[in-house]
$ cat final.cif   # mmCIF, C-alpha atoms
data_target
loop_
_atom_site.label_atom_id
_atom_site.label_comp_id
_atom_site.auth_asym_id
_atom_site.auth_seq_id
_atom_site.Cartn_x
_atom_site.Cartn_y
_atom_site.Cartn_z
CA MET A 1 -56.14 -46.98 -136.23
CA ASN A 2 -55.60 -50.73 -136.33
CA TRP A 3 -55.32 -50.68 -132.57
CA LEU A 4 -58.77 -49.15 -132.30
CA ALA A 5 -60.26 -51.80 -134.57
CA ASP A 6 -58.50 -54.51 -132.55
CA PHE A 7 -59.86 -53.20 -129.29
CA PHE A 8 -63.40 -52.22 -130.20
CA GLY A 9 -63.86 -55.01 -132.73
CA ASP A 10 -63.10 -57.77 -130.22
CA SER A 11 -66.45 -59.05 -128.93
CA ALA A 12 -64.75 -60.27 -125.72
CA HIS A 13 -64.34 -56.61 -124.75
CA TRP A 14 -68.08 -56.04 -124.75
CA SER A 15 -69.27 -58.53 -122.13
CA GLY A 16 -68.34 -60.13 -118.81
CA PRO A 17 -66.97 -58.59 -115.59
CA ASP A 18 -64.10 -56.86 -117.44
CA GLY A 19 -66.13 -55.81 -120.47
CA ILE A 20 -66.54 -52.22 -121.53
CA PRO A 21 -70.12 -51.78 -120.15
CA VAL A 22 -69.17 -52.98 -116.65
CA ARG A 23 -65.98 -50.88 -116.54
CA LEU A 24 -67.88 -47.85 -117.80
CA LEU A 25 -70.49 -48.23 -115.04
CA GLU A 26 -67.77 -48.63 -112.40
CA HIS A 27 -66.03 -45.53 -113.71
CA LEU A 28 -69.25 -43.52 -113.65
CA GLY A 29 -70.00 -44.84 -110.16
CA TYR A 30 -66.71 -43.64 -108.61
CA SER A 31 -66.86 -40.35 -110.48
CA ALA A 32 -70.47 -39.56 -109.62
CA ALA A 33 -70.04 -40.45 -105.93
CA ALA A 34 -66.90 -38.31 -105.55
CA PHE A 35 -68.39 -35.44 -107.53
CA LEU A 36 -71.64 -35.40 -105.54
CA VAL A 37 -69.85 -35.40 -102.18
CA ALA A 38 -67.51 -32.63 -103.39
CA ALA A 39 -70.42 -30.55 -104.68
CA LEU A 40 -72.31 -31.01 -101.39
CA ILE A 41 -69.27 -29.70 -99.52
CA ALA A 42 -68.09 -26.99 -101.89
CA VAL A 43 -71.27 -25.31 -103.16
CA PRO A 44 -72.78 -24.45 -99.75
CA LEU A 45 -69.38 -23.46 -98.36
CA GLY A 46 -68.62 -21.29 -101.39
CA MET A 47 -72.05 -19.67 -101.15
CA LEU A 48 -71.59 -19.00 -97.46
CA ILE A 49 -68.19 -17.32 -97.78
CA GLY A 50 -69.19 -15.58 -101.00
CA HIS A 51 -72.26 -14.10 -99.30
CA THR A 52 -70.74 -13.22 -95.94
CA GLY A 53 -67.17 -12.58 -97.13
CA ARG A 54 -65.85 -14.26 -93.98
CA GLY A 55 -62.83 -16.56 -94.16
CA ALA A 56 -62.48 -15.93 -97.89
CA LEU A 57 -58.70 -15.51 -97.93
CA LEU A 58 -58.16 -18.68 -95.92
CA VAL A 59 -60.41 -20.75 -98.17
CA VAL A 60 -58.89 -19.45 -101.42
CA VAL A 61 -55.35 -20.09 -100.19
CA ALA A 62 -56.27 -23.59 -98.98
CA ALA A 63 -58.03 -24.36 -102.28
CA ASN A 64 -54.95 -23.31 -104.25
CA ALA A 65 -52.69 -25.46 -102.08
CA ALA A 66 -55.06 -28.41 -102.54
CA ARG A 67 -54.68 -28.07 -106.31
CA ALA A 68 -51.01 -28.97 -105.87
CA LEU A 69 -51.77 -32.26 -104.09
CA PRO A 70 -50.81 -35.10 -106.44
CA THR A 71 -53.84 -37.37 -106.80
CA LEU A 72 -51.79 -40.50 -107.47
CA GLY A 73 -49.76 -40.01 -104.27
CA LEU A 74 -52.82 -39.28 -102.18
CA LEU A 75 -54.61 -42.31 -103.62
CA VAL A 76 -51.72 -44.66 -102.89
CA LEU A 77 -51.31 -43.31 -99.36
CA VAL A 78 -55.01 -43.44 -98.45
CA VAL A 79 -55.42 -46.95 -99.83
CA LEU A 80 -52.34 -48.20 -97.97
CA LEU A 81 -53.61 -46.65 -94.74
CA ALA A 82 -57.20 -47.84 -95.11
CA GLY A 83 -56.54 -51.24 -96.63
CA VAL A 84 -57.04 -52.55 -100.16
CA GLY A 85 -60.29 -53.80 -101.59
CA THR A 86 -62.87 -51.18 -100.67
CA VAL A 87 -64.05 -48.34 -102.86
CA LEU A 88 -64.16 -45.66 -100.17
CA PRO A 89 -60.39 -44.83 -100.14
CA VAL A 90 -60.53 -44.04 -103.86
CA LEU A 91 -63.16 -41.41 -103.26
CA VAL A 92 -60.98 -39.41 -100.85
CA PRO A 93 -58.36 -38.18 -103.38
CA LEU A 94 -61.06 -37.62 -105.99
CA ILE A 95 -63.06 -35.46 -103.58
CA VAL A 96 -59.92 -33.52 -102.66
CA LEU A 97 -59.40 -32.96 -106.38
CA ALA A 98 -63.00 -31.94 -107.04
CA VAL A 99 -63.59 -29.46 -104.21
CA PRO A 100 -61.22 -26.55 -105.12
CA PRO A 101 -62.62 -25.64 -108.58
CA ILE A 102 -66.22 -25.70 -107.32
CA LEU A 103 -65.38 -23.78 -104.16
CA VAL A 104 -63.32 -21.08 -105.84
CA ASN A 105 -65.75 -20.54 -108.73
CA THR A 106 -68.82 -20.45 -106.47
CA TYR A 107 -67.10 -17.91 -104.24
CA GLU A 108 -65.86 -15.81 -107.18
CA GLY A 109 -69.27 -16.00 -108.82
CA LEU A 110 -71.07 -14.60 -105.77
CA ARG A 111 -68.37 -12.00 -105.13
CA GLY A 112 -68.54 -10.86 -108.75
CA VAL A 113 -72.24 -9.97 -108.64
CA ASP A 114 -72.75 -6.25 -109.26
CA ALA A 115 -72.93 -4.45 -105.90
CA ASP A 116 -75.80 -2.29 -107.20
CA LEU A 117 -77.86 -5.42 -107.80
CA ARG A 118 -77.21 -6.61 -104.26
CA ASP A 119 -78.17 -3.23 -102.85
CA ALA A 120 -81.30 -3.12 -104.99
CA ALA A 121 -82.36 -6.51 -103.65
CA TYR A 122 -81.91 -5.36 -100.04
CA GLY A 123 -83.68 -2.11 -100.92
CA MET A 124 -86.67 -4.05 -102.17
CA GLY A 125 -86.92 -5.59 -98.71
CA LEU A 126 -85.42 -9.03 -99.33
CA ARG A 127 -83.69 -10.59 -96.33
CA GLY A 128 -80.16 -12.04 -96.34
CA PRO A 129 -81.04 -15.61 -97.38
CA GLN A 130 -83.56 -14.33 -99.94
CA VAL A 131 -80.92 -12.07 -101.46
CA LEU A 132 -78.54 -15.03 -101.61
CA PHE A 133 -80.93 -17.52 -103.18
CA ARG A 134 -83.15 -15.31 -105.32
CA THR A 135 -80.73 -12.65 -106.53
CA LEU A 136 -77.08 -13.61 -106.13
CA THR A 137 -77.27 -17.32 -106.98
CA PRO A 138 -79.11 -16.96 -110.32
CA VAL A 139 -76.68 -14.26 -111.42
CA ALA A 140 -73.65 -16.25 -110.26
CA LEU A 141 -74.98 -19.48 -111.78
CA PRO A 142 -72.81 -19.44 -114.95
CA LEU A 143 -69.62 -19.34 -112.86
CA ILE A 144 -70.92 -21.92 -110.37
CA LEU A 145 -71.69 -24.23 -113.29
CA LEU A 146 -68.25 -23.57 -114.76
CA GLY A 147 -66.70 -24.72 -111.47
CA LEU A 148 -68.90 -27.82 -111.41
CA ARG A 149 -68.02 -28.60 -115.03
CA LEU A 150 -64.24 -28.25 -114.57
CA SER A 151 -64.44 -30.35 -111.44
CA ALA A 152 -66.57 -33.09 -113.05
CA ILE A 153 -64.20 -33.33 -116.02
CA GLN A 154 -61.19 -33.64 -113.75
CA VAL A 155 -62.88 -36.31 -111.65
CA VAL A 156 -63.91 -38.36 -114.66
CA SER A 157 -60.46 -38.21 -116.19
CA THR A 158 -58.59 -38.79 -112.93
CA ALA A 159 -60.78 -41.71 -111.82
CA THR A 160 -58.59 -43.58 -114.32
CA VAL A 161 -55.85 -43.93 -111.71
CA ALA A 162 -58.16 -45.99 -109.46
CA ALA A 163 -57.09 -48.93 -111.57
CA PHE A 164 -53.55 -48.54 -110.28
CA VAL A 165 -54.58 -49.72 -106.81
CA GLY A 166 -56.49 -52.66 -108.23
CA LEU A 167 -59.95 -51.17 -108.58
CA GLY A 168 -62.10 -51.17 -111.69
CA GLY A 169 -63.17 -48.43 -114.03
CA LEU A 170 -61.94 -47.59 -117.50
CA GLY A 171 -58.41 -47.13 -116.18
CA ARG A 172 -58.15 -50.94 -116.02
CA PHE A 173 -57.79 -51.10 -119.81
CA ILE A 174 -54.96 -48.54 -119.71
CA ILE A 175 -53.07 -49.84 -116.68
CA ASP A 176 -53.39 -53.52 -117.68
CA GLY A 177 -52.48 -52.65 -121.24
CA LEU A 178 -49.35 -50.83 -120.10
CA ALA A 179 -48.38 -53.76 -117.86
CA THR A 180 -48.79 -56.35 -120.63
CA LYS A 181 -47.64 -54.05 -123.48
CA ALA A 182 -51.05 -54.51 -125.13
CA TYR A 183 -51.21 -51.09 -126.75
CA SER A 184 -54.57 -51.68 -128.41
CA SER A 185 -56.03 -51.95 -124.90
CA VAL A 186 -54.17 -48.80 -123.77
CA ILE A 187 -55.40 -46.75 -126.71
CA GLY A 188 -58.91 -48.22 -126.53
CA GLY A 189 -59.19 -47.33 -122.85
CA ALA A 190 -57.77 -43.88 -123.54
CA VAL A 191 -60.38 -43.25 -126.22
CA LEU A 192 -63.18 -44.39 -123.89
CA VAL A 193 -62.08 -42.08 -121.06
CA ALA A 194 -61.65 -39.16 -123.44
CA ALA A 195 -65.11 -39.76 -124.92
CA LEU A 196 -66.62 -39.88 -121.43
CA ALA A 197 -64.89 -36.64 -120.44
CA LEU A 198 -66.14 -34.94 -123.60
CA ALA A 199 -69.65 -36.25 -122.94
CA VAL A 200 -69.54 -34.74 -119.45
CA GLN A 201 -68.29 -31.46 -120.90
CA PHE A 202 -71.12 -31.44 -123.42
CA GLY A 203 -73.70 -32.39 -120.79
CA PHE A 204 -72.73 -29.44 -118.62
CA LEU A 205 -72.86 -27.04 -121.57
CA LEU A 206 -76.42 -28.26 -122.21
CA LEU A 207 -77.29 -27.86 -118.53
CA ASP A 208 -75.95 -24.31 -118.73
CA ARG A 209 -78.41 -23.61 -121.56
CA VAL A 210 -81.33 -24.97 -119.56
CA VAL A 211 -80.83 -23.60 -116.06
CA VAL A 212 -79.19 -20.21 -116.61
CA SER A 213 -81.80 -17.50 -116.79
CA PRO A 214 -82.06 -15.94 -120.29
CA GLY A 215 -81.65 -12.49 -118.75
CA VAL A 216 -78.31 -13.42 -117.22
CA ARG A 217 -77.13 -15.05 -120.42
CA GLN A 218 -77.80 -11.91 -122.47
CA THR A 219 -75.72 -9.62 -120.32
CA ARG A 220 -72.68 -11.88 -120.51
CA MET B 1 -52.24 -53.43 -89.67
CA ILE B 2 -48.52 -53.35 -89.00
CA GLU B 3 -47.16 -50.65 -86.72
CA GLU B 4 -45.33 -48.76 -89.43
CA PRO B 5 -44.54 -45.09 -88.73
CA LEU B 6 -45.81 -42.65 -91.36
CA VAL B 7 -42.31 -41.27 -91.87
CA ARG B 8 -38.98 -43.02 -91.31
CA TRP B 9 -36.48 -40.19 -91.18
CA ASP B 10 -33.46 -42.48 -91.47
CA TRP B 11 -34.79 -43.78 -94.81
CA ILE B 12 -34.99 -40.21 -96.10
CA ALA B 13 -31.43 -39.50 -94.93
CA ARG B 14 -30.09 -42.65 -96.60
CA ASN B 15 -31.91 -42.10 -99.88
CA TRP B 16 -31.69 -38.34 -100.26
CA ASP B 17 -28.44 -38.27 -102.20
CA SER B 18 -27.47 -41.92 -102.58
CA GLY B 19 -26.19 -41.40 -106.12
CA SER B 20 -28.53 -44.02 -107.61
CA PRO B 21 -31.10 -42.91 -110.22
CA SER B 22 -33.84 -43.38 -107.63
CA ALA B 23 -32.21 -41.02 -105.10
CA ILE B 24 -34.70 -38.42 -103.88
CA SER B 25 -32.56 -35.48 -105.00
CA THR B 26 -32.25 -36.93 -108.52
CA LEU B 27 -36.02 -37.46 -108.72
CA LEU B 28 -36.58 -33.92 -107.47
CA GLU B 29 -34.29 -32.56 -110.17
CA ASN B 30 -36.10 -34.60 -112.83
CA HIS B 31 -39.42 -33.43 -111.50
CA VAL B 32 -38.47 -29.78 -111.67
CA VAL B 33 -37.25 -30.07 -115.27
CA THR B 34 -40.23 -32.15 -116.43
CA ALA B 35 -42.68 -29.77 -114.77
CA PHE B 36 -41.22 -26.42 -115.85
CA LEU B 37 -40.27 -27.29 -119.42
CA PRO B 38 -43.94 -27.61 -120.52
CA VAL B 39 -44.90 -24.32 -118.85
CA LEU B 40 -41.99 -22.54 -120.52
CA LEU B 41 -42.74 -24.09 -123.93
CA GLY B 42 -46.43 -23.34 -123.39
CA LEU B 43 -45.74 -19.69 -122.66
CA VAL B 44 -43.48 -19.34 -125.71
CA VAL B 45 -46.22 -20.79 -127.95
CA ALA B 46 -49.18 -19.18 -126.17
CA LEU B 47 -47.91 -15.60 -126.49
CA PRO B 48 -47.91 -15.42 -130.30
CA LEU B 49 -51.04 -17.60 -130.56
CA GLY B 50 -52.85 -15.48 -127.97
CA LEU B 51 -51.79 -12.30 -129.76
CA ALA B 52 -53.08 -13.71 -133.04
CA CYS B 53 -56.40 -14.67 -131.39
CA ALA B 54 -56.72 -11.19 -129.89
CA ARG B 55 -55.91 -9.56 -133.25
CA TRP B 56 -58.19 -11.77 -135.37
CA ARG B 57 -61.16 -12.55 -133.13
CA TRP B 58 -62.57 -15.21 -135.46
CA LEU B 59 -59.54 -17.37 -134.60
CA TYR B 60 -60.43 -17.41 -130.93
CA GLN B 61 -63.64 -19.49 -130.98
CA PRO B 62 -62.12 -22.55 -132.71
CA THR B 63 -58.89 -22.27 -130.69
CA ALA B 64 -60.80 -22.05 -127.42
CA ALA B 65 -62.94 -25.04 -128.39
CA LEU B 66 -59.84 -27.08 -129.26
CA MET B 67 -58.18 -26.11 -125.98
CA ASN B 68 -61.36 -27.04 -124.07
CA VAL B 69 -61.28 -30.48 -125.63
CA THR B 70 -57.57 -30.87 -124.84
CA TYR B 71 -58.13 -29.86 -121.25
CA SER B 72 -60.79 -32.51 -120.78
CA LEU B 73 -58.43 -35.29 -121.86
CA PRO B 74 -56.96 -37.20 -118.90
CA SER B 75 -53.20 -36.83 -118.54
CA LEU B 76 -52.74 -40.59 -118.40
CA VAL B 77 -54.63 -40.87 -121.69
CA LEU B 78 -52.32 -38.41 -123.45
CA PHE B 79 -49.25 -40.03 -121.90
CA SER B 80 -50.30 -43.43 -123.19
CA VAL B 81 -51.09 -42.07 -126.65
CA PHE B 82 -47.68 -40.41 -126.92
CA LEU B 83 -46.05 -43.52 -125.49
CA SER B 84 -46.65 -45.17 -128.85
CA VAL B 85 -44.94 -42.25 -130.63
CA THR B 86 -42.10 -41.07 -128.43
CA GLY B 87 -41.55 -44.20 -126.31
CA LEU B 88 -40.30 -44.18 -122.73
CA THR B 89 -38.67 -40.76 -122.92
CA ARG B 90 -39.19 -37.47 -121.12
CA ALA B 91 -40.90 -36.09 -124.26
CA THR B 92 -43.82 -38.47 -123.64
CA VAL B 93 -44.66 -36.49 -120.51
CA VAL B 94 -43.47 -33.05 -121.62
CA ILE B 95 -45.53 -32.87 -124.84
CA PRO B 96 -48.95 -33.62 -123.25
CA LEU B 97 -48.19 -31.29 -120.32
CA THR B 98 -47.34 -28.57 -122.85
CA PHE B 99 -50.82 -28.99 -124.34
CA PHE B 100 -52.37 -28.66 -120.87
CA ALA B 101 -50.32 -25.52 -120.24
CA LEU B 102 -51.46 -24.11 -123.60
CA ALA B 103 -55.09 -24.82 -122.72
CA ILE B 104 -54.71 -22.53 -119.70
CA LEU B 105 -52.28 -19.96 -121.13
CA ILE B 106 -53.89 -19.07 -124.48
CA PRO B 107 -57.18 -17.93 -122.88
CA ALA B 108 -55.10 -16.12 -120.24
CA VAL B 109 -53.18 -14.15 -122.90
CA VAL B 110 -56.37 -13.32 -124.81
CA ASP B 111 -58.25 -12.29 -121.65
CA GLY B 112 -55.20 -10.32 -120.52
CA LEU B 113 -55.09 -8.29 -123.71
CA ALA B 114 -58.86 -7.81 -123.53
CA SER B 115 -58.42 -6.46 -120.00
CA VAL B 116 -56.43 -3.46 -121.30
CA PRO B 117 -58.86 -0.52 -120.93
CA ASP B 118 -59.68 1.23 -124.20
CA PRO B 119 -58.72 4.68 -122.88
CA VAL B 120 -55.23 3.32 -122.11
CA ARG B 121 -54.90 1.99 -125.65
CA GLN B 122 -56.15 5.27 -127.12
CA SER B 123 -53.81 7.33 -124.93
CA ALA B 124 -50.90 5.27 -126.20
CA VAL B 125 -51.96 5.90 -129.80
CA ALA B 126 -52.34 9.60 -129.07
CA MET B 127 -48.86 9.68 -127.52
CA GLY B 128 -47.46 8.39 -130.80
CA PHE B 129 -46.85 4.71 -129.98
CA ARG B 130 -46.73 2.60 -133.12
CA PRO B 131 -48.55 -0.79 -132.92
CA ALA B 132 -45.49 -2.96 -132.15
CA ARG B 133 -44.12 -0.62 -129.50
CA ARG B 134 -47.59 -0.06 -128.07
CA LEU B 135 -47.98 -3.82 -127.69
CA LEU B 136 -44.61 -4.26 -125.97
CA ARG B 137 -44.57 -1.14 -123.82
CA VAL B 138 -48.24 -0.65 -122.97
CA GLU B 139 -50.59 -3.54 -123.71
CA LEU B 140 -48.48 -6.51 -122.56
CA PRO B 141 -47.43 -4.86 -119.25
CA VAL B 142 -51.06 -4.00 -118.48
CA ALA B 143 -52.04 -7.59 -119.34
CA VAL B 144 -49.44 -9.05 -116.93
CA PRO B 145 -51.75 -9.72 -113.94
CA VAL B 146 -54.19 -11.82 -115.98
CA VAL B 147 -51.44 -13.68 -117.84
CA LEU B 148 -49.59 -14.40 -114.60
CA ALA B 149 -52.77 -15.68 -112.96
CA GLY B 150 -52.98 -18.22 -115.78
CA LEU B 151 -49.28 -18.97 -115.46
CA ARG B 152 -49.74 -19.72 -111.76
CA VAL B 153 -52.51 -22.24 -112.42
CA ALA B 154 -50.52 -23.81 -115.27
CA THR B 155 -47.38 -24.11 -113.15
CA VAL B 156 -49.07 -25.62 -110.10
CA SER B 157 -51.05 -28.15 -112.12
CA SER B 158 -47.98 -29.07 -114.17
CA ILE B 159 -45.97 -29.75 -111.01
CA SER B 160 -48.77 -31.94 -109.68
CA LEU B 161 -49.47 -33.74 -112.99
CA VAL B 162 -45.88 -34.81 -113.64
CA SER B 163 -46.33 -37.44 -110.93
CA VAL B 164 -48.88 -39.32 -113.06
CA GLY B 165 -46.03 -39.84 -115.54
CA ALA B 166 -44.61 -42.30 -113.00
CA LEU B 167 -47.06 -44.86 -114.42
CA ILE B 168 -44.96 -44.80 -117.60
CA GLY B 169 -41.67 -44.46 -115.70
CA GLN B 170 -41.15 -40.71 -116.23
CA GLY B 171 -42.79 -39.21 -113.18
CA GLY B 172 -39.98 -37.54 -111.22
CA LEU B 173 -41.11 -37.60 -107.59
CA GLY B 174 -44.15 -39.62 -108.68
CA ASN B 175 -41.84 -42.64 -108.83
CA LEU B 176 -41.77 -42.50 -105.03
CA PHE B 177 -45.52 -43.26 -105.04
CA ILE B 178 -45.02 -46.38 -107.15
CA ASP B 179 -42.08 -47.44 -104.97
CA GLY B 180 -44.05 -46.92 -101.76
CA TRP B 181 -47.06 -48.75 -103.15
CA GLN B 182 -45.08 -51.76 -104.32
CA ARG B 183 -43.31 -52.13 -100.96
CA GLN B 184 -46.32 -51.10 -98.84
CA PHE B 185 -44.06 -48.46 -97.33
CA TYR B 186 -45.45 -45.05 -96.32
CA THR B 187 -42.30 -42.93 -96.15
CA PRO B 188 -41.58 -42.48 -99.90
CA ILE B 189 -45.23 -41.60 -100.54
CA VAL B 190 -45.31 -38.97 -97.80
CA VAL B 191 -41.95 -37.57 -98.96
CA GLY B 192 -43.24 -37.39 -102.55
CA ILE B 193 -46.48 -35.59 -101.63
CA ALA B 194 -44.66 -33.17 -99.31
CA LEU B 195 -41.98 -32.27 -101.85
CA ILE B 196 -44.50 -31.79 -104.67
CA VAL B 197 -46.71 -29.50 -102.59
CA LEU B 198 -43.63 -27.63 -101.36
CA LEU B 199 -42.38 -27.20 -104.92
CA ALA B 200 -45.79 -25.93 -106.05
CA VAL B 201 -46.09 -23.46 -103.17
CA LEU B 202 -42.55 -22.22 -103.83
CA ALA B 203 -43.14 -21.76 -107.57
CA ASP B 204 -46.48 -20.05 -106.89
CA GLY B 205 -44.82 -17.69 -104.40
CA LEU B 206 -42.10 -16.80 -106.91
CA LEU B 207 -44.73 -15.98 -109.53
CA VAL B 208 -46.63 -13.77 -107.07
CA LEU B 209 -43.34 -12.00 -106.35
CA ALA B 210 -42.69 -11.65 -110.10
CA GLN B 211 -46.10 -10.08 -110.52
CA ARG B 212 -45.37 -7.52 -107.79
CA LEU B 213 -42.08 -6.62 -109.48
CA LEU B 214 -43.61 -6.45 -112.97
CA THR B 215 -46.61 -4.33 -111.97
CA PRO B 216 -45.28 -1.71 -109.53
CA TRP B 217 -48.21 0.58 -110.36
CA SER B 218 -50.81 -1.77 -108.84
CA ARG B 219 -49.02 -1.51 -105.48
CA ALA B 220 -48.76 2.26 -105.72
CA ARG B 221 -52.50 2.41 -106.37
CA SER B 222 -53.47 0.19 -103.44
CA THR B 223 -51.45 2.22 -100.94
CA ALA B 224 -52.71 5.53 -102.24
#
$ encode --input "final.cif" --output "structure tokens"
Amino acid sequence: MNWLADFFGDSAHWSGPDGIPVRLLEHLGYSAAAFLVAALIAVPLGMLIGHTGRGALLVVVAANAARALPTLGLLVLVVLLAGVGTVLPVLVPLIVLAVPPILVNTYEGLRGVDADLRDAAYGMGLRGPQVLFRTLTPVALPLILLGLRLSAIQVVSTATVAAFVGLGGLGRFIIDGLATKAYSSVIGGAVLVAALALAVQFGFLLLDRVVVSPGVRQTR
Amino acid sequence: MIEEPLVRWDWIARNWDSGSPSAISTLLENHVVTAFLPVLLGLVVALPLGLACARWRWLYQPTAALMNVTYSLPSLVLFSVFLSVTGLTRATVVIPLTFFALAILIPAVVDGLASVPDPVRQSAVAMGFRPARRLLRVELPVAVPVVLAGLRVATVSSISLVSVGALIGQGGLGNLFIDGWQRQFYTPIVVGIALIVLLAVLADGLLVLAQRLLTPWSRARSTA
């Protein structure tokens, strides 16, 4: 506990280019950018294959294989290939990490919708896209949100490794602390990342409350 | 940029089994042990805990919440926390990875047992199975597909996460990433990524095979 007091009590940690606020903003910046790109790729793609059922096997197998890709290795390789100093290479491994959970859950969510419900929607005269957006998506929303939540948490926690290739973010406190054996910095950084991940988790649970239709929530 | 090939095969040949602690085969061996130990420990702990949660439902909510919190902790964070307790040993990586495995496996065991249809349970009772035998001979076998699905996710993510341990010197093949980064040399990085993905695909395939062997009835049903 002394380490925590050392880290958070030191006023030097609260200002300047390597202060907590700046590092926090950097961390959120990388995470949000990677997460948004991943969501823009994975949600439409998952909806498309979930609705049409085409290419499902291929996508699920590829998503599972992508889960095995080690983020640290990918990060190091992409940064070496693209050159040090820019933020873009960091986003690549984070996006690769973020896509599979969203893709798989969106697909599974749409697939899992009761076939009777789908038939009823067509029977009422809705067309394909209307069925997708007005019937299937609201019912599948809890699973889609679950995918987005898992992915966001993983991105926020993994963005820590960006510090290894010399970029900012909360990982700086951990990596620099490890290098200089300053454990108060390591633990302080760890607590900050964990708090951020929990905040993201909590935020998504709130979002779930707000956007999921009460009717869908009751039947769960 | 320098004209450096992505893979130098002669480097791989020289370093595969060089006998030094940084030989690729030694790292691979370390990686396998460090990745599978947590999954095995996790399964051993998750089975009784999952059974308890399925038996006493009120236990499940707090356990699931705790596991959710654990799962949202970054691996590097847990590694660095345990670094101050267990030092630069394999345990520093194995213990956090065991928690991650638990976070996936406990819900899998609970969901698996919940997936046993009530008529099946009642038939077993009617046939005279006592609770312990019913659990071993009927409920657990029926739960196998769901439990194994969790085991697959836990195994693949464990294999991939071990590499982060390289930042505290215990990363198995992840050490190749650090090596490649420090020398600006692509080959070790590519070798590391390829071997990790290969290992994950292999382990996943073995688990799929295990599921086919453990649940012969699901195959019989699909061909019928």
$ residues_around --input "final.cif" --residues "A:Arg67" --least-positions-apart "2" --cutoff "9 Å" --atoms "all atoms listed in the file" --output "PyMOL selection string"
(chain A and resi 62-65+69-70+96-97+100-101) or (chain B and resi 153+156-157+160+197)
$ residues_around --input "final.cif" --residues "stretch 76-91 of chain B" --least-positions-apart "3" --cutoff "9 Å" --atoms "all atoms listed in the file" --output "ChimeraX atom specification"
/A:157-158,160-161,171,174,178,183,186-187,189-191,193-194 /B:34,73,94-97,164-165,167-171
$ closest_residue --input "final.cif" --among "A:Gly215, A:Gly73, A:Pro21, A:Gly53" --to "B:Val191" --atoms "all atoms listed in the file"
A:Gly73
$ atom_distance --input "final.cif" --atom1 "atom CA of B:Leu40" --atom2 "atom CA of A:Ala68"
18.4 Å
$ residues_around --input "final.cif" --residues "stretch 145-148 of chain B" --least-positions-apart "2" --cutoff "10 Å" --atoms "all atoms listed in the file" --output "PyMOL selection string"
chain B and resi 43+47+104-115+140-143+150-154+207-208+210-212+214-215+218
$ atom_distance --input "final.cif" --atom1 "atom CA of A:Ala195" --atom2 "atom CA of B:Asn68"
13.3 Å
$ resolve_selection --input "final.cif" --expression "the PyMOL selection byres ((chain A and resi 103-116) around 7)" --output "PDB file with C-alpha atoms, keeping the file's coordinate frame"
ATOM      1  CA  ALA A  42     -68.090 -26.990-101.890  1.00  0.00           C
ATOM      2  CA  VAL A  43     -71.270 -25.310-103.160  1.00  0.00           C
ATOM      3  CA  GLY A  46     -68.620 -21.290-101.390  1.00  0.00           C
ATOM      4  CA  MET A  47     -72.050 -19.670-101.150  1.00  0.00           C
ATOM      5  CA  ILE A  49     -68.190 -17.320 -97.780  1.00  0.00           C
ATOM      6  CA  GLY A  50     -69.190 -15.580-101.000  1.00  0.00           C
ATOM      7  CA  HIS A  51     -72.260 -14.100 -99.300  1.00  0.00           C
ATOM      8  CA  VAL A  60     -58.890 -19.450-101.420  1.00  0.00           C
ATOM      9  CA  VAL A  99     -63.590 -29.460-104.210  1.00  0.00           C
ATOM     10  CA  PRO A 100     -61.220 -26.550-105.120  1.00  0.00           C
ATOM     11  CA  PRO A 101     -62.620 -25.640-108.580  1.00  0.00           C
ATOM     12  CA  ILE A 102     -66.220 -25.700-107.320  1.00  0.00           C
ATOM     13  CA  LEU A 117     -77.860  -5.420-107.800  1.00  0.00           C
ATOM     14  CA  ARG A 118     -77.210  -6.610-104.260  1.00  0.00           C
ATOM     15  CA  ASP A 119     -78.170  -3.230-102.850  1.00  0.00           C
ATOM     16  CA  ALA A 120     -81.300  -3.120-104.990  1.00  0.00           C
ATOM     17  CA  LEU A 136     -77.080 -13.610-106.130  1.00  0.00           C
ATOM     18  CA  THR A 137     -77.270 -17.320-106.980  1.00  0.00           C
ATOM     19  CA  VAL A 139     -76.680 -14.260-111.420  1.00  0.00           C
ATOM     20  CA  ALA A 140     -73.650 -16.250-110.260  1.00  0.00           C
ATOM     21  CA  LEU A 143     -69.620 -19.340-112.860  1.00  0.00           C
ATOM     22  CA  ILE A 144     -70.920 -21.920-110.370  1.00  0.00           C
ATOM     23  CA  GLY A 147     -66.700 -24.720-111.470  1.00  0.00           C
TER      24      GLY A 147
END
$ atom_distance --input "final.cif" --atom1 "atom CA of A:Phe7" --atom2 "atom CA of A:Gly188"
5.8 Å
$ resolve_selection --input "final.cif" --expression "the PyMOL selection byres ((chain B and resi 174) around 8)" --output "ChimeraX atom specification"
/A:72-73 /B:162-166,171-173,175-178,192
$ resolve_selection --input "final.cif" --expression "the PyMOL selection byres ((chain B and resi 181) around 10)" --output "CSV table (one decimal) with C-alpha atoms, in the frame of the given file"
chain,number,residue,atom,x,y,z
A,73,GLY,CA,-49.8,-40.0,-104.3
A,75,LEU,CA,-54.6,-42.3,-103.6
A,76,VAL,CA,-51.7,-44.7,-102.9
A,77,LEU,CA,-51.3,-43.3,-99.4
A,79,VAL,CA,-55.4,-47.0,-99.8
A,80,LEU,CA,-52.3,-48.2,-98.0
A,164,PHE,CA,-53.6,-48.5,-110.3
A,165,VAL,CA,-54.6,-49.7,-106.8
B,175,ASN,CA,-41.8,-42.6,-108.8
B,176,LEU,CA,-41.8,-42.5,-105.0
B,177,PHE,CA,-45.5,-43.3,-105.0
B,178,ILE,CA,-45.0,-46.4,-107.2
B,179,ASP,CA,-42.1,-47.4,-105.0
B,180,GLY,CA,-44.0,-46.9,-101.8
B,182,GLN,CA,-45.1,-51.8,-104.3
B,183,ARG,CA,-43.3,-52.1,-101.0
B,184,GLN,CA,-46.3,-51.1,-98.8
B,185,PHE,CA,-44.1,-48.5,-97.3
B,186,TYR,CA,-45.4,-45.0,-96.3
B,188,PRO,CA,-41.6,-42.5,-99.9
B,189,ILE,CA,-45.2,-41.6,-100.5
